[in-house]
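Chemist: Dropping in entry.cif, which is mmCIF, C-alpha atoms:
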data_work
#
loop_
_atom_site.label_atom_id
_atom_site.label_comp_id
_atom_site.auth_asym_id
_atom_site.auth_seq_id
_atom_site.Cartn_x
_atom_site.Cartn_y
_atom_site.Cartn_z
CA MET A 1 11.14 -18.52 -2.48
CA LYS A 2 14.30 -18.88 -0.41
CA LYS A 3 16.05 -16.33 -2.62
CA ILE A 4 13.22 -13.84 -2.13
CA LEU A 5 13.24 -14.24 1.66
CA LYS A 6 17.01 -13.70 1.78
CA THR A 7 16.58 -10.31 0.06
CA LEU A 8 14.12 -9.04 2.69
CA PRO A 9 15.71 -7.07 5.55
CA LEU A 10 13.83 -9.00 8.22
CA PHE A 11 14.98 -12.43 7.04
CA GLU A 12 18.59 -11.61 6.23
CA HIS A 13 19.35 -12.40 9.88
CA LEU A 14 18.30 -16.05 9.49
CA ASP A 15 20.78 -18.67 8.35
CA ASP A 16 20.01 -21.17 5.58
CA ALA A 17 18.96 -23.87 8.03
CA MET A 18 16.37 -21.62 9.69
CA ILE A 19 14.99 -20.44 6.35
CA ASN A 20 14.79 -24.00 5.04
CA ALA A 21 12.93 -25.07 8.19
CA LEU A 22 10.52 -22.15 7.74
CA LEU A 23 9.88 -23.04 4.11
CA ASP A 24 9.21 -26.67 5.03
CA SER A 25 6.77 -25.77 7.82
CA ASN A 26 3.04 -25.11 7.74
CA ASP A 27 3.61 -21.62 9.12
CA LEU A 28 4.18 -20.11 5.69
CA VAL A 29 1.34 -19.86 3.16
CA LYS A 30 1.05 -18.24 -0.28
CA LYS A 31 -2.27 -16.65 -1.21
CA ARG A 32 -3.39 -15.32 -4.59
CA TYR A 33 -5.98 -12.56 -5.07
CA GLN A 34 -7.59 -11.40 -8.29
CA LYS A 35 -7.68 -7.72 -9.24
CA HIS A 36 -10.06 -5.64 -7.07
CA SER A 37 -10.39 -8.36 -4.45
CA VAL A 38 -10.97 -7.32 -0.85
CA ILE A 39 -8.12 -8.82 1.19
CA HIS A 40 -9.09 -7.41 4.59
CA ILE A 41 -12.04 -5.48 5.98
CA PRO A 42 -12.46 -3.59 9.28
CA LYS A 43 -12.58 -5.93 12.29
CA ASP A 44 -10.46 -8.60 10.58
CA THR A 45 -7.90 -9.90 13.08
CA VAL A 46 -4.23 -9.62 12.14
CA ASP A 47 -2.79 -13.05 12.89
CA ALA A 48 -0.01 -13.19 10.28
CA TYR A 49 2.84 -11.20 8.80
CA GLU A 50 1.94 -10.67 5.15
CA ILE A 51 4.49 -9.86 2.44
CA ILE A 52 3.41 -8.73 -1.02
CA LEU A 53 5.30 -10.90 -3.49
CA SER A 54 3.70 -9.36 -6.57
CA GLY A 55 1.07 -6.76 -7.41
CA THR A 56 -0.11 -3.65 -5.59
CA VAL A 57 -2.68 -3.16 -2.84
CA SER A 58 -4.45 -0.06 -1.58
CA ILE A 59 -5.20 0.82 2.03
CA LYS A 60 -8.55 2.56 2.33
CA TYR A 61 -10.50 4.17 5.14
CA LEU A 62 -14.29 4.13 5.29
CA GLU A 63 -15.55 7.48 6.59
CA SER A 64 -18.75 7.80 8.61
CA SER A 65 -20.28 9.59 5.60
CA GLY A 66 -19.81 6.43 3.55
CA HIS A 67 -16.93 7.82 1.49
CA VAL A 68 -14.02 5.45 0.96
CA VAL A 69 -10.71 7.34 1.08
CA THR A 70 -7.43 5.83 -0.16
CA ILE A 71 -4.72 6.35 2.44
CA ASN A 72 -1.79 4.48 0.92
CA TRP A 73 -0.58 2.12 -1.82
CA VAL A 74 1.69 -0.84 -1.00
CA ASN A 75 3.99 -2.47 -3.55
CA PRO A 76 5.96 -5.74 -3.89
CA TYR A 77 8.24 -6.82 -1.03
CA ASP A 78 6.55 -4.50 1.42
CA VAL A 79 4.30 -5.78 4.21
CA ILE A 80 0.75 -5.11 5.38
CA GLY A 81 -0.61 -5.23 8.91
CA ALA A 82 2.82 -5.17 10.58
CA ASN A 83 1.85 -2.19 12.74
CA LEU A 84 -1.01 -4.24 14.27
CA LEU A 85 0.74 -7.57 14.63
CA PHE A 86 1.58 -7.19 18.34
CA SER A 87 -1.02 -4.61 19.31
CA SER A 88 -3.48 -5.20 22.15
CA ASN A 89 -6.16 -4.62 19.50
CA ARG A 90 -5.11 -6.59 16.42
CA GLN A 91 -8.13 -5.66 14.32
CA TYR A 92 -7.96 -3.81 11.02
CA GLU A 93 -9.64 -0.42 10.86
CA MET A 94 -8.93 -0.08 7.15
CA ILE A 95 -9.94 -1.86 3.95
CA VAL A 96 -7.14 -3.63 2.09
CA GLU A 97 -7.89 -4.17 -1.61
CA SER A 98 -5.85 -5.55 -4.50
CA LEU A 99 -5.32 -3.09 -7.37
CA SER A 100 -3.99 -5.86 -9.60
CA GLU A 101 -3.54 -9.60 -9.28
CA VAL A 102 -1.68 -10.00 -5.99
CA MET A 103 0.38 -12.78 -4.46
CA LEU A 104 0.84 -12.65 -0.68
CA LEU A 105 3.18 -14.64 1.50
CA SER A 106 1.70 -15.12 4.97
CA ILE A 107 3.73 -16.12 8.06
CA ARG A 108 1.92 -16.96 11.28
CA ARG A 109 2.33 -14.49 14.14
CA GLU A 110 3.29 -17.30 16.53
CA LYS A 111 6.13 -18.36 14.23
CA LEU A 112 7.53 -14.80 14.21
CA ILE A 113 7.50 -14.83 18.01
CA GLU A 114 9.35 -18.16 18.01
CA LEU A 115 11.98 -16.83 15.59
CA ALA A 116 12.39 -13.63 17.61
CA GLN A 117 12.95 -15.63 20.79
CA SER A 118 15.68 -17.69 19.19
CA ASN A 119 17.43 -14.94 17.18
CA ARG A 120 18.19 -11.57 18.77
CA ASN A 121 19.01 -9.83 15.46
CA PHE A 122 15.75 -11.06 13.96
CA MET A 123 13.87 -9.71 17.00
CA ILE A 124 15.50 -6.27 16.68
CA ALA A 125 14.75 -6.14 12.94
CA LEU A 126 11.13 -7.15 13.56
CA LEU A 127 10.63 -4.52 16.27
CA LYS A 128 12.21 -1.89 14.01
CA GLN A 129 9.93 -2.79 11.12
CA VAL A 130 6.79 -2.74 13.26
CA SER A 131 7.76 0.67 14.66
CA ASP A 132 8.65 2.04 11.23
CA ARG A 133 5.32 0.92 9.77
CA SER A 134 3.43 2.53 12.66
CA ASN A 135 5.28 5.81 12.18
CA LEU A 136 4.79 5.70 8.41
CA LEU A 137 1.05 5.17 8.72
CA ALA A 138 0.74 7.96 11.30
CA LYS A 139 2.61 10.38 9.02
CA ARG A 140 0.51 9.34 6.05
CA LEU A 141 -2.73 9.91 7.96
CA LYS A 142 -1.53 13.28 9.22
CA SER A 143 -0.40 14.31 5.76
CA PHE A 144 -3.68 13.23 4.21
CA ALA A 145 -5.74 15.10 6.80
CA THR A 146 -3.81 18.36 6.45
CA SER A 147 -2.84 18.41 2.77
CA SER A 148 -4.72 20.54 0.26
CA LEU A 149 -6.97 19.05 -2.40
CA TYR A 150 -4.40 20.10 -5.00
CA GLN A 151 -1.73 18.04 -3.21
CA LYS A 152 -4.08 15.06 -2.83
CA VAL A 153 -4.74 15.03 -6.58
CA LEU A 154 -1.01 15.40 -7.26
CA ASP A 155 -0.26 12.46 -4.95
CA TYR A 156 -3.01 10.36 -6.50
CA LEU A 157 -1.77 10.93 -10.06
CA THR A 158 1.80 10.27 -8.96
CA SER A 159 0.80 6.95 -7.41
CA GLU A 160 -1.21 6.01 -10.50
CA TYR A 161 1.79 6.74 -12.72
CA GLN A 162 4.05 4.62 -10.51
CA TYR A 163 1.46 1.82 -10.59
CA GLN A 164 0.56 1.92 -14.30
CA LYS A 165 4.11 2.77 -15.46
CA ASN A 166 2.54 4.38 -18.51
CA ASN A 167 1.72 7.86 -19.80
CA PRO A 168 -1.05 8.69 -20.57
CA LEU A 169 -2.76 7.27 -17.50
CA LYS A 170 -5.78 5.15 -18.27
CA LEU A 171 -8.81 6.16 -16.19
CA GLN A 172 -9.87 2.78 -14.82
CA LYS A 173 -12.47 4.44 -12.61
CA THR A 174 -14.95 7.25 -13.17
CA LYS A 175 -14.08 10.72 -11.91
CA GLN A 176 -16.88 10.28 -9.40
CA ALA A 177 -15.21 7.13 -8.00
CA ILE A 178 -11.81 8.86 -7.84
CA ALA A 179 -13.37 11.85 -6.07
CA MET A 180 -14.94 9.53 -3.50
CA GLU A 181 -11.56 7.91 -2.85
CA LEU A 182 -10.11 11.35 -2.18
CA GLY A 183 -13.07 12.31 0.00
CA VAL A 184 -14.17 15.24 -2.18
CA ALA A 185 -16.98 16.16 -4.56
CA ARG A 186 -16.59 15.32 -8.26
CA THR A 187 -16.85 19.01 -9.16
CA SER A 188 -13.91 19.79 -6.85
CA LEU A 189 -11.78 17.10 -8.51
CA VAL A 190 -12.60 18.40 -11.99
CA ARG A 191 -11.81 21.95 -10.86
CA ILE A 192 -8.31 20.88 -9.76
CA LEU A 193 -7.71 18.89 -12.94
CA THR A 194 -8.79 21.92 -14.98
CA LYS A 195 -6.42 24.12 -12.98
CA MET A 196 -3.56 21.69 -13.61
CA ARG A 197 -4.42 21.70 -17.31
CA GLU A 198 -4.35 25.49 -17.39
CA GLU A 199 -0.93 25.37 -15.70
CA GLY A 200 0.33 23.06 -18.45
CA MET A 201 0.77 20.07 -16.16
CA LEU A 202 -1.60 17.71 -17.95
CA THR A 203 -4.41 17.25 -20.41
CA PHE A 204 -7.37 14.95 -19.87
CA ASN A 205 -10.53 13.51 -21.33
CA ARG A 206 -13.03 10.86 -20.23
CA LYS A 207 -10.64 7.96 -20.78
CA GLU A 208 -7.13 9.15 -19.94
CA ILE A 209 -4.85 11.78 -18.43
CA LEU A 210 -1.68 12.80 -20.25
CA LEU A 211 0.99 14.08 -17.87
CA GLN A 212 3.23 16.85 -19.16
CA LYS A 213 6.87 17.62 -18.40
CA SER A 214 6.02 20.19 -15.72
CA PHE A 215 4.03 17.56 -13.80
CA PHE A 216 7.06 15.27 -13.63
CA GLU A 217 9.22 18.18 -12.44
CA ILE A 218 6.80 19.15 -9.67
CA ALA A 219 6.20 15.53 -8.61
CA GLU A 220 9.97 14.82 -8.86
CA LEU A 221 9.42 11.87 -11.19
CA ASP A 222 11.39 10.62 -14.17
CA ASP A 223 9.31 10.90 -17.33
#
Would you mind writing the file's structure down as structure tokens?
Modeler:
Amino acid sequence: MKKILKTLPLFEHLDDAMINALLDSNDLVKKRYQKHSVIHIPKDTVDAYEIILSGTVSIKYLESSGHVVTINWVNPYDVIGANLLFSSNRQYEMIVESLSEVMLLSIRREKLIELAQSNRNFMIALLKQVSDRSNLLAKRLKSFATSSLYQKVLDYLTSEYQYQKNNPLKLQKTKQAIAMELGVARTSLVRILTKMREEGMLTFNRKEILLQKSFFEIAELDD
């Protein structure tokens, strides 16, 4: 665990003694979640800094219509909830769900404040990370709101490829469920997939989607 902490930008400013003291304290807790577990729901209070040690989580927004829209995917060694940690309103507005088995490392908010007070470099790194996460989420929300359906499907398939690390992609959800995540009708999703197939980007059936070379070129991925 010490080796992992030392590789994270925030904790590289702590010396061995401070990291050892942190590891020996009750301020640091590991939590395990099974696949498709709900980690946080709207109105949950953010009272800890949470690092993903393994697995992938999705950040979803529940629209007033009842549709659940995926806003972002978060991978190992990134953090969740950092943008809310020192907000006047520390409540989640999103749903955080595990896409695979997930291991989280949780550090109490009060402990971060204590470390920031005693280590100026740690404080600067923490403030930078909180600001960066806030900006990233704002850009993601803006991009999602203004991007075309074609781009949303492209982004979704790109994220699925990065998560599954396999081609063809296995459809672990129905097209109806995927369409709901994207906030569109199933017929609209199928129309875009059909268009991509006609353009030679992919082929698909009920169980999987096979990405073609042109998809990787457009998405700027290595096949």
Chemist: Quick check, in Å to one decimal: how far apart do atom CA of Asn75 of chain A and atom CA of Lys3 of chain A lie?
Modeler: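 We find that atom CA of Asn75 of chain A and atom CA of Lys3 of chain A lie 18.4 Å from each other.
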Chemist: Using the chain letters and numbers from this file, what does the PyMOL selection byres ((chain A and resi 90-95) around 6) select? Give the answer as a list in words.
Modeler: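 That selection, the PyMOL selection byres ((chain A and resi 90-95) around 6), comes back as His40, Ile41, Pro42, Lys43, Asp44, Thr45, Val46, Ile59, Lys60, Tyr61, Leu84, Ser87, Asn89 and Val96 of chain A.
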Chemist: Which residues fall under the PyMOL selection byres ((chain A and resi 170) around 8) in this file, as a VMD selection string?
Modeler: chain A and resid 168 to 169 171 to 172 207 to 209
Chemist: Please list as a PDB file with C-alpha atoms, in the frame of the given file every residue within 7 Å of Ala82 of chain A, counting all atoms listed in the file and excluding residues in the same chain fewer than 3 positions away.
Modeler:
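Wrote part_36.pdb, looks like this:
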ATOM      1  CA  TYR A  49       2.840 -11.200   8.800  1.00  0.00           C
ATOM      2  CA  VAL A  79       4.300  -5.780   4.210  1.00  0.00           C
ATOM      3  CA  LEU A  85       0.740  -7.570  14.630  1.00  0.00           C
ATOM      4  CA  VAL A 130       6.790  -2.740  13.260  1.00  0.00           C
ATOM      5  CA  ARG A 133       5.320   0.920   9.770  1.00  0.00           C
TER       6      ARG A 133
END
Chemist: In Å to one decimal, how far is atom CA of Lys152 of chain A from atom CA of His36 of chain A?
Modeler: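 Taking atom CA of His36 of chain A as the start and atom CA of Lys152 of chain A as the end point, the length is 22.0 Å.
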Chemist: Taking the file as I've supplied it (selection: the PyMOL selection byres ((chain A and resi 183) around 8)), which residues are included? Please answer as a ChimeraX atom specification.
Modeler: /A:67-69,179-182,184-185
Chemist: Looking at all atoms listed in the file, which of A:Arg191, A:Lys173, A:Lys165, A:Lys139 is the one that sits closest to Asn72 of chain A?
Modeler: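 Selected residue with least distance to Asn72 of chain A: A:Lys139.
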Chemist: Could you list as a ChimeraX atom specification every residue that has an atom within 8 Å of (-7.0, 16.0, -13.9), using the file's coordinates and counting all atoms listed in the file?
Modeler: /A:153,189-190,192-194,196-197,202-204,209
Chemist: Find the distance between atom CA of Leu136 of chain A and atom CA of Ser188 of chain A and write it in Å to one decimal.
Modeler: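 It comes out at 27.9 Å.
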Chemist: With distances taken over all atoms listed in the file, which of A:Ser214, A:Asn205, A:Ser25, A:Asn167 is nearest to Ile107 of chain A?
Modeler: A:Ser25
Chemist: What would the list of residues within 12 Å of (12.2, -23.4, 9.6) (file frame) look like as a VMD selection string, if only C-alpha atoms are what count?
Modeler: chain A and resid 2 11 14 to 28 107 111 to 112 114 to 115 118
Chemist: Tell me which of A:Tyr33, A:Phe122, A:Phe86, A:Trp73 sits closest to Ser159 of chain A, counting only C-alpha atoms.
Modeler: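 Using only C-alpha atoms, the shortest distance to Ser159 of chain A belongs to A:Trp73.
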Chemist: Can you work out which one of A:Leu62, A:Ile124, A:Leu137, A:Val38 has the shortest atom-to-atom distance to Glu101 of chain A, counting only C-alpha atoms?
Modeler: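 Ranking A:Leu62, A:Ile124, A:Leu137, A:Val38 by distance to Glu101 of chain A, first place goes to A:Val38.
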Chemist: Which residues are near Ile218 of chain A? Cut-off 12 Å, all atoms listed in the file, ignore same chain within fewer than 6 positions. Put them as a list in words.
Modeler: Gln151, Leu154, Asp155, Leu157, Thr158, Met196, Glu199, Gly200, Met201, Leu202, Leu211 and Gln212 of chain A
Chemist: I'd like the box whose edges run along x, y and z of the file and which contains every listed atom of segment 203-208 of chain A, padded by 5 Å per side; could you state its centre and edge lengths in Å, one decimal, as lines of an AutoDock Vina configuration file?
Modeler:
center_x = -8.7
center_y = 12.6
center_z = -20.6
size_x = 18.6
size_y = 19.3
size_z = 11.5
Chemist: Taking all atoms listed in the file into account, name the residue in A:Glu217, A:Glu110, A:Asp78, A:Glu198 that is nearest to Val57 of chain A.
Modeler: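 Using all atoms listed in the file, Val57 of chain A sits closest to A:Asp78.
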Chemist: Select, from A:Ile71, A:Leu53, A:Met1, A:Leu10, the residue with the minimum atom-to-atom distance to Gln129 of chain A, counting all atoms listed in the file.
Modeler: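 Among A:Ile71, A:Leu53, A:Met1, A:Leu10, it is A:Leu10 that comes nearest to Gln129 of chain A.
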Chemist: As a PDB file, in the frame of the given file, could you write out segment 102-136 of chain A once it has been completed with N, CA and C atoms?
Modeler:
ATOM      1  N   VAL A 102      -2.635 -10.112  -7.096  1.00  0.00           N
ATOM      2  CA  VAL A 102      -1.680 -10.000  -5.990  1.00  0.00           C
ATOM      3  C   VAL A 102      -1.344 -11.383  -5.447  1.00  0.00           C
ATOM      4  N   MET A 103      -0.066 -11.579  -5.143  1.00  0.00           N
ATOM      5  CA  MET A 103       0.380 -12.780  -4.460  1.00  0.00           C
ATOM      6  C   MET A 103       0.952 -12.372  -3.099  1.00  0.00           C
ATOM      7  N   LEU A 104       0.387 -12.934  -2.035  1.00  0.00           N
ATOM      8  CA  LEU A 104       0.840 -12.650  -0.680  1.00  0.00           C
ATOM      9  C   LEU A 104       1.521 -13.864  -0.075  1.00  0.00           C
ATOM     10  N   LEU A 105       2.540 -13.593   0.714  1.00  0.00           N
ATOM     11  CA  LEU A 105       3.180 -14.640   1.500  1.00  0.00           C
ATOM     12  C   LEU A 105       2.850 -14.360   2.961  1.00  0.00           C
ATOM     13  N   SER A 106       2.186 -15.300   3.596  1.00  0.00           N
ATOM     14  CA  SER A 106       1.700 -15.120   4.970  1.00  0.00           C
ATOM     15  C   SER A 106       2.496 -16.003   5.930  1.00  0.00           C
ATOM     16  N   ILE A 107       2.985 -15.388   7.029  1.00  0.00           N
ATOM     17  CA  ILE A 107       3.730 -16.120   8.060  1.00  0.00           C
ATOM     18  C   ILE A 107       3.020 -15.933   9.394  1.00  0.00           C
ATOM     19  N   ARG A 108       2.683 -17.024  10.041  1.00  0.00           N
ATOM     20  CA  ARG A 108       1.920 -16.960  11.280  1.00  0.00           C
ATOM     21  C   ARG A 108       2.608 -16.109  12.342  1.00  0.00           C
ATOM     22  N   ARG A 109       1.830 -15.357  13.073  1.00  0.00           N
ATOM     23  CA  ARG A 109       2.330 -14.490  14.140  1.00  0.00           C
ATOM     24  C   ARG A 109       3.122 -15.297  15.178  1.00  0.00           C
ATOM     25  N   GLU A 110       2.614 -16.467  15.526  1.00  0.00           N
ATOM     26  CA  GLU A 110       3.290 -17.300  16.530  1.00  0.00           C
ATOM     27  C   GLU A 110       4.677 -17.736  16.063  1.00  0.00           C
ATOM     28  N   LYS A 111       4.826 -17.959  14.760  1.00  0.00           N
ATOM     29  CA  LYS A 111       6.130 -18.360  14.230  1.00  0.00           C
ATOM     30  C   LYS A 111       7.120 -17.197  14.326  1.00  0.00           C
ATOM     31  N   LEU A 112       6.643 -15.969  14.070  1.00  0.00           N
ATOM     32  CA  LEU A 112       7.530 -14.800  14.210  1.00  0.00           C
ATOM     33  C   LEU A 112       8.014 -14.666  15.642  1.00  0.00           C
ATOM     34  N   ILE A 113       7.121 -14.904  16.597  1.00  0.00           N
ATOM     35  CA  ILE A 113       7.500 -14.830  18.010  1.00  0.00           C
ATOM     36  C   ILE A 113       8.563 -15.879  18.324  1.00  0.00           C
ATOM     37  N   GLU A 114       8.377 -17.073  17.797  1.00  0.00           N
ATOM     38  CA  GLU A 114       9.350 -18.160  18.010  1.00  0.00           C
ATOM     39  C   GLU A 114      10.716 -17.789  17.429  1.00  0.00           C
ATOM     40  N   LEU A 115      10.721 -17.231  16.217  1.00  0.00           N
ATOM     41  CA  LEU A 115      11.980 -16.830  15.590  1.00  0.00           C
ATOM     42  C   LEU A 115      12.650 -15.701  16.351  1.00  0.00           C
ATOM     43  N   ALA A 116      11.842 -14.766  16.846  1.00  0.00           N
ATOM     44  CA  ALA A 116      12.390 -13.630  17.610  1.00  0.00           C
ATOM     45  C   ALA A 116      13.008 -14.090  18.920  1.00  0.00           C
ATOM     46  N   GLN A 117      12.426 -15.106  19.535  1.00  0.00           N
ATOM     47  CA  GLN A 117      12.950 -15.630  20.790  1.00  0.00           C
ATOM     48  C   GLN A 117      14.278 -16.349  20.605  1.00  0.00           C
ATOM     49  N   SER A 118      14.472 -16.898  19.424  1.00  0.00           N
ATOM     50  CA  SER A 118      15.680 -17.690  19.190  1.00  0.00           C
ATOM     51  C   SER A 118      16.781 -16.911  18.462  1.00  0.00           C
ATOM     52  N   ASN A 119      16.458 -15.721  17.961  1.00  0.00           N
ATOM     53  CA  ASN A 119      17.430 -14.940  17.180  1.00  0.00           C
ATOM     54  C   ASN A 119      17.284 -13.468  17.532  1.00  0.00           C
ATOM     55  N   ARG A 120      18.264 -12.953  18.284  1.00  0.00           N
ATOM     56  CA  ARG A 120      18.190 -11.570  18.770  1.00  0.00           C
ATOM     57  C   ARG A 120      18.156 -10.563  17.618  1.00  0.00           C
ATOM     58  N   ASN A 121      18.968 -10.765  16.589  1.00  0.00           N
ATOM     59  CA  ASN A 121      19.010  -9.830  15.460  1.00  0.00           C
ATOM     60  C   ASN A 121      17.679  -9.804  14.706  1.00  0.00           C
ATOM     61  N   PHE A 122      17.064 -10.975  14.597  1.00  0.00           N
ATOM     62  CA  PHE A 122      15.750 -11.060  13.960  1.00  0.00           C
ATOM     63  C   PHE A 122      14.732 -10.276  14.797  1.00  0.00           C
ATOM     64  N   MET A 123      14.798 -10.419  16.116  1.00  0.00           N
ATOM     65  CA  MET A 123      13.870  -9.710  17.000  1.00  0.00           C
ATOM     66  C   MET A 123      14.017  -8.197  16.854  1.00  0.00           C
ATOM     67  N   ILE A 124      15.255  -7.708  16.813  1.00  0.00           N
ATOM     68  CA  ILE A 124      15.500  -6.270  16.680  1.00  0.00           C
ATOM     69  C   ILE A 124      14.970  -5.764  15.333  1.00  0.00           C
ATOM     70  N   ALA A 125      15.224  -6.536  14.267  1.00  0.00           N
ATOM     71  CA  ALA A 125      14.750  -6.140  12.940  1.00  0.00           C
ATOM     72  C   ALA A 125      13.227  -6.124  12.880  1.00  0.00           C
ATOM     73  N   LEU A 126      12.590  -7.087  13.547  1.00  0.00           N
ATOM     74  CA  LEU A 126      11.130  -7.150  13.560  1.00  0.00           C
ATOM     75  C   LEU A 126      10.551  -5.965  14.322  1.00  0.00           C
ATOM     76  N   LEU A 127      11.108  -5.654  15.486  1.00  0.00           N
ATOM     77  CA  LEU A 127      10.630  -4.520  16.270  1.00  0.00           C
ATOM     78  C   LEU A 127      10.819  -3.202  15.499  1.00  0.00           C
ATOM     79  N   LYS A 128      11.938  -3.091  14.806  1.00  0.00           N
ATOM     80  CA  LYS A 128      12.210  -1.890  14.010  1.00  0.00           C
ATOM     81  C   LYS A 128      11.177  -1.746  12.894  1.00  0.00           C
ATOM     82  N   GLN A 129      10.885  -2.854  12.231  1.00  0.00           N
ATOM     83  CA  GLN A 129       9.930  -2.790  11.120  1.00  0.00           C
ATOM     84  C   GLN A 129       8.532  -2.449  11.600  1.00  0.00           C
ATOM     85  N   VAL A 130       8.108  -3.043  12.711  1.00  0.00           N
ATOM     86  CA  VAL A 130       6.790  -2.740  13.260  1.00  0.00           C
ATOM     87  C   VAL A 130       6.698  -1.263  13.638  1.00  0.00           C
ATOM     88  N   SER A 131       7.741  -0.740  14.269  1.00  0.00           N
ATOM     89  CA  SER A 131       7.760   0.670  14.660  1.00  0.00           C
ATOM     90  C   SER A 131       7.767   1.584  13.445  1.00  0.00           C
ATOM     91  N   ASP A 132       8.577   1.224  12.452  1.00  0.00           N
ATOM     92  CA  ASP A 132       8.650   2.040  11.230  1.00  0.00           C
ATOM     93  C   ASP A 132       7.308   2.092  10.518  1.00  0.00           C
ATOM     94  N   ARG A 133       6.621   0.949  10.447  1.00  0.00           N
ATOM     95  CA  ARG A 133       5.320   0.920   9.770  1.00  0.00           C
ATOM     96  C   ARG A 133       4.294   1.759  10.530  1.00  0.00           C
ATOM     97  N   SER A 134       4.354   1.723  11.856  1.00  0.00           N
ATOM     98  CA  SER A 134       3.430   2.530  12.660  1.00  0.00           C
ATOM     99  C   SER A 134       3.667   4.014  12.427  1.00  0.00           C
ATOM    100  N   ASN A 135       4.943   4.406  12.410  1.00  0.00           N
ATOM    101  CA  ASN A 135       5.280   5.810  12.180  1.00  0.00           C
ATOM    102  C   ASN A 135       4.888   6.251  10.775  1.00  0.00           C
ATOM    103  N   LEU A 136       5.118   5.379   9.798  1.00  0.00           N
ATOM    104  CA  LEU A 136       4.790   5.700   8.410  1.00  0.00           C
ATOM    105  C   LEU A 136       3.296   5.923   8.232  1.00  0.00           C
TER     106      LEU A 136
END
